[in-house]
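Only one structure is covered here, and it is reproduced in the block below.
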Amino acid sequence: MKKALDWYYKFLQVALAVLMGLLIIPVTLQIVSRYLGFIPRYIWTEEMARFCFIWVILVGSMIAVRDGTHFTVDLLPKAKTKKGEAAVRMFVDFWILMTALVFIVWGWPLVKFGLLQTSEMAELPMVFIYMAWPLAGFSWILFLIEKYVDNIKVWRSDNK
């Protein structure tokens, strides 16, 4: 399972880099067309930039959950032991899990609704945009399972 998650994590990193590159294209077209009169002002570029931005945010959040750099706020006291650190991480991960479930439960009807819609300018099926939310929730859960297993090992160990 660890190798599959490592492969998926690497895939997400490559996808994020590709999405960032794709985001540059419509944004550059928008900027250049404002200042150069001979380049037409494309309307679809705003829509494509927005769609890429949504995916960049959600793929970035998937990567951040695996890295342990997402949804963390230093509100809880600093743990003094390894078991305490594991307990704090599990507490934070529990709330990420709750958010993931919200993304899946409320995102799935959005995906079904997206099957019936296309975007106005680019005429893309909206399901490609809406599926980012349940996919993010599912990915968070996969990475959280891995983190919970590691934290439970620390919790059960004899090391304080």
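In the structure tokens, the first chain shown is A, the next is B, and so on; residue numbers restart at 1 for each chain, and ligands run from 1 in the order shown.
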What's the 8 Å shell around range 23-37 of chain A, counting only C-alpha atoms, without same-chain residues fewer than 2 positions away, as an mmCIF file with C-alpha atoms, in the first residue's frame?
data_model
loop_
_atom_site.group_PDB
_atom_site.id
_atom_site.type_symbol
_atom_site.label_atom_id
_atom_site.label_comp_id
_atom_site.auth_asym_id
_atom_site.auth_seq_id
_atom_site.Cartn_x
_atom_site.Cartn_y
_atom_site.Cartn_z
ATOM 1 C CA LEU A 19 -1.606 22.383 -13.960
ATOM 2 C CA MET A 20 0.566 25.328 -12.947
ATOM 3 C CA GLY A 21 2.053 25.361 -16.452
ATOM 4 C CA ILE A 39 -4.164 39.826 -30.261
ATOM 5 C CA PRO A 40 -7.880 39.120 -29.826
ATOM 6 C CA ARG A 41 -9.346 39.112 -26.325
ATOM 7 C CA TYR A 42 -10.409 35.564 -25.747
ATOM 8 C CA THR A 45 -9.247 32.240 -21.072
ATOM 9 C CA GLU A 46 -10.884 33.524 -17.874
ATOM 10 C CA MET A 48 -9.959 28.075 -18.203
ATOM 11 C CA ALA A 49 -7.796 29.985 -15.720
ATOM 12 C CA CYS A 52 -7.060 25.316 -13.588
ATOM 13 C CA PHE A 53 -6.895 27.359 -10.394
#
Would you pick out the contacts of range 131-147 of chain A at 8 Å or less, using only C-alpha atoms, so that residues sharing its chain but fewer than 3 positions from it are not included, and give the list as an NGL selection string? :A and (2 or 5 or 54-55 or 58-59 or 61-62 or 65-66 or 93 or 96-97 or 99-105 or 107-108 or 110-111 or 127-128 or 150-151)
Preceding selection exported with N, CA and C atoms as an mmCIF file, in the first residue's frame:
data_model
loop_
_atom_site.group_PDB
_atom_site.id
_atom_site.type_symbol
_atom_site.label_atom_id
_atom_site.label_comp_id
_atom_site.auth_asym_id
_atom_site.auth_seq_id
_atom_site.Cartn_x
_atom_site.Cartn_y
_atom_site.Cartn_z
ATOM 1 N N LYS A 2 1.977 1.195 0.733
ATOM 2 C CA LYS A 2 2.885 2.347 0.809
ATOM 3 C C LYS A 2 3.420 2.720 -0.566
ATOM 4 N N LEU A 5 0.725 4.452 -2.582
ATOM 5 C CA LEU A 5 0.546 5.836 -2.134
ATOM 6 C C LEU A 5 1.723 6.716 -2.553
ATOM 7 N N ILE A 54 -8.822 26.067 -9.640
ATOM 8 C CA ILE A 54 -9.550 25.160 -8.735
ATOM 9 C C ILE A 54 -8.765 23.863 -8.571
ATOM 10 N N TRP A 55 -8.334 23.284 -9.680
ATOM 11 C CA TRP A 55 -7.588 22.030 -9.620
ATOM 12 C C TRP A 55 -6.240 22.210 -8.929
ATOM 13 N N LEU A 58 -6.884 22.245 -5.152
ATOM 14 C CA LEU A 58 -7.270 20.957 -4.575
ATOM 15 C C LEU A 58 -6.176 19.903 -4.696
ATOM 16 N N VAL A 59 -5.446 19.881 -5.800
ATOM 17 C CA VAL A 59 -4.315 18.950 -5.906
ATOM 18 C C VAL A 59 -3.226 19.356 -4.911
ATOM 19 N N SER A 61 -3.751 20.745 -2.076
ATOM 20 C CA SER A 61 -4.205 20.330 -0.740
ATOM 21 C C SER A 61 -4.002 18.836 -0.524
ATOM 22 N N MET A 62 -4.160 18.034 -1.579
ATOM 23 C CA MET A 62 -3.914 16.597 -1.454
ATOM 24 C C MET A 62 -2.453 16.345 -1.093
ATOM 25 N N VAL A 65 -1.727 17.413 2.538
ATOM 26 C CA VAL A 65 -2.192 16.467 3.560
ATOM 27 C C VAL A 65 -1.165 15.347 3.722
ATOM 28 N N ARG A 66 -0.630 14.854 2.634
ATOM 29 C CA ARG A 66 0.393 13.794 2.737
ATOM 30 C C ARG A 66 1.639 14.316 3.434
ATOM 31 N N ASP A 93 -5.669 15.331 12.418
ATOM 32 C CA ASP A 93 -6.048 14.487 11.288
ATOM 33 C C ASP A 93 -7.525 14.091 11.334
ATOM 34 N N ILE A 96 -9.341 16.871 9.703
ATOM 35 C CA ILE A 96 -9.135 16.805 8.252
ATOM 36 C C ILE A 96 -10.031 15.715 7.674
ATOM 37 N N LEU A 97 -10.148 14.589 8.389
ATOM 38 C CA LEU A 97 -11.028 13.501 7.961
ATOM 39 C C LEU A 97 -12.477 13.981 7.880
ATOM 40 N N THR A 99 -13.501 17.002 7.300
ATOM 41 C CA THR A 99 -13.575 17.870 6.121
ATOM 42 C C THR A 99 -13.593 17.033 4.843
ATOM 43 N N ALA A 100 -12.806 15.972 4.814
ATOM 44 C CA ALA A 100 -12.784 15.081 3.646
ATOM 45 C C ALA A 100 -14.157 14.454 3.425
ATOM 46 N N LEU A 101 -14.793 14.040 4.497
ATOM 47 C CA LEU A 101 -16.130 13.452 4.375
ATOM 48 C C LEU A 101 -17.138 14.467 3.850
ATOM 49 N N VAL A 102 -17.015 15.708 4.271
ATOM 50 C CA VAL A 102 -17.881 16.768 3.739
ATOM 51 C C VAL A 102 -17.647 16.930 2.238
ATOM 52 N N PHE A 103 -16.391 16.928 1.828
ATOM 53 C CA PHE A 103 -16.077 17.063 0.409
ATOM 54 C C PHE A 103 -16.663 15.905 -0.399
ATOM 55 N N ILE A 104 -16.638 14.705 0.156
ATOM 56 C CA ILE A 104 -17.163 13.548 -0.566
ATOM 57 C C ILE A 104 -18.691 13.560 -0.575
ATOM 58 N N VAL A 105 -19.290 13.744 0.599
ATOM 59 C CA VAL A 105 -20.749 13.659 0.723
ATOM 60 C C VAL A 105 -21.437 14.749 -0.087
ATOM 61 N N GLY A 107 -19.858 16.697 -2.355
ATOM 62 C CA GLY A 107 -19.261 16.805 -3.683
ATOM 63 C C GLY A 107 -19.840 15.826 -4.680
ATOM 64 N N TRP A 108 -20.271 14.671 -4.205
ATOM 65 C CA TRP A 108 -20.793 13.653 -5.119
ATOM 66 C C TRP A 108 -22.060 14.126 -5.848
ATOM 67 N N LEU A 110 -22.757 17.096 -6.595
ATOM 68 C CA LEU A 110 -22.250 18.106 -7.515
ATOM 69 C C LEU A 110 -21.686 17.449 -8.775
ATOM 70 N N VAL A 111 -21.005 16.323 -8.605
ATOM 71 C CA VAL A 111 -20.473 15.584 -9.752
ATOM 72 C C VAL A 111 -21.615 15.081 -10.630
ATOM 73 N N VAL A 127 -18.481 18.182 -15.158
ATOM 74 C CA VAL A 127 -18.105 17.069 -14.287
ATOM 75 C C VAL A 127 -16.586 17.052 -14.072
ATOM 76 N N PHE A 128 -15.815 17.497 -15.064
ATOM 77 C CA PHE A 128 -14.359 17.530 -14.923
ATOM 78 C C PHE A 128 -13.917 18.548 -13.876
ATOM 79 N N ASP A 150 0.829 5.173 10.993
ATOM 80 C CA ASP A 150 2.125 5.587 11.552
ATOM 81 C C ASP A 150 1.974 6.128 12.973
ATOM 82 N N ASN A 151 0.938 6.942 13.195
ATOM 83 C CA ASN A 151 0.738 7.522 14.525
ATOM 84 C C ASN A 151 0.336 6.470 15.559
#
How would you write, as a PyMOL selection string, the set of residues in chain A that DSSP gives as helix (DSSP H, G or I)? chain A and resi 2-35+44-67+82-114+127-130+132-156
Straight-line distance linking CA of Leu76 in chain A with CA of Val88 in chain A, stated in Å to one decimal: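 That distance, rounded to one decimal, is 7.6 Å.
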Have a look at CA of Leu75 in chain A and CA of Gly60 in chain A and let me know their distance in Å, one decimal.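 If I compute the distance from CA of Leu75 in chain A to CA of Gly60 in chain A, I get 23.2 Å.
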Shell of 12 Å around Glu85 in chain A, only C-alpha atoms, local chain residues under 6 positions omitted, as a VMD selection string: chain A and resid 76 to 79 91 to 92 150 to 152 154 to 155 159 to 160
What does the structure give for the distance between CA of Gln117 in chain A and CA of Trp44 in chain A, in Å to one decimal?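 Value for the CA of Gln117 in chain A-CA of Trp44 in chain A distance: 16.3 Å.
The nearest approach to Ala122 in chain A among the residues A:Ala87, A:Val56, A:Val18, A:Ile43, with only C-alpha atoms taken into account, belongs to A:Ile43.
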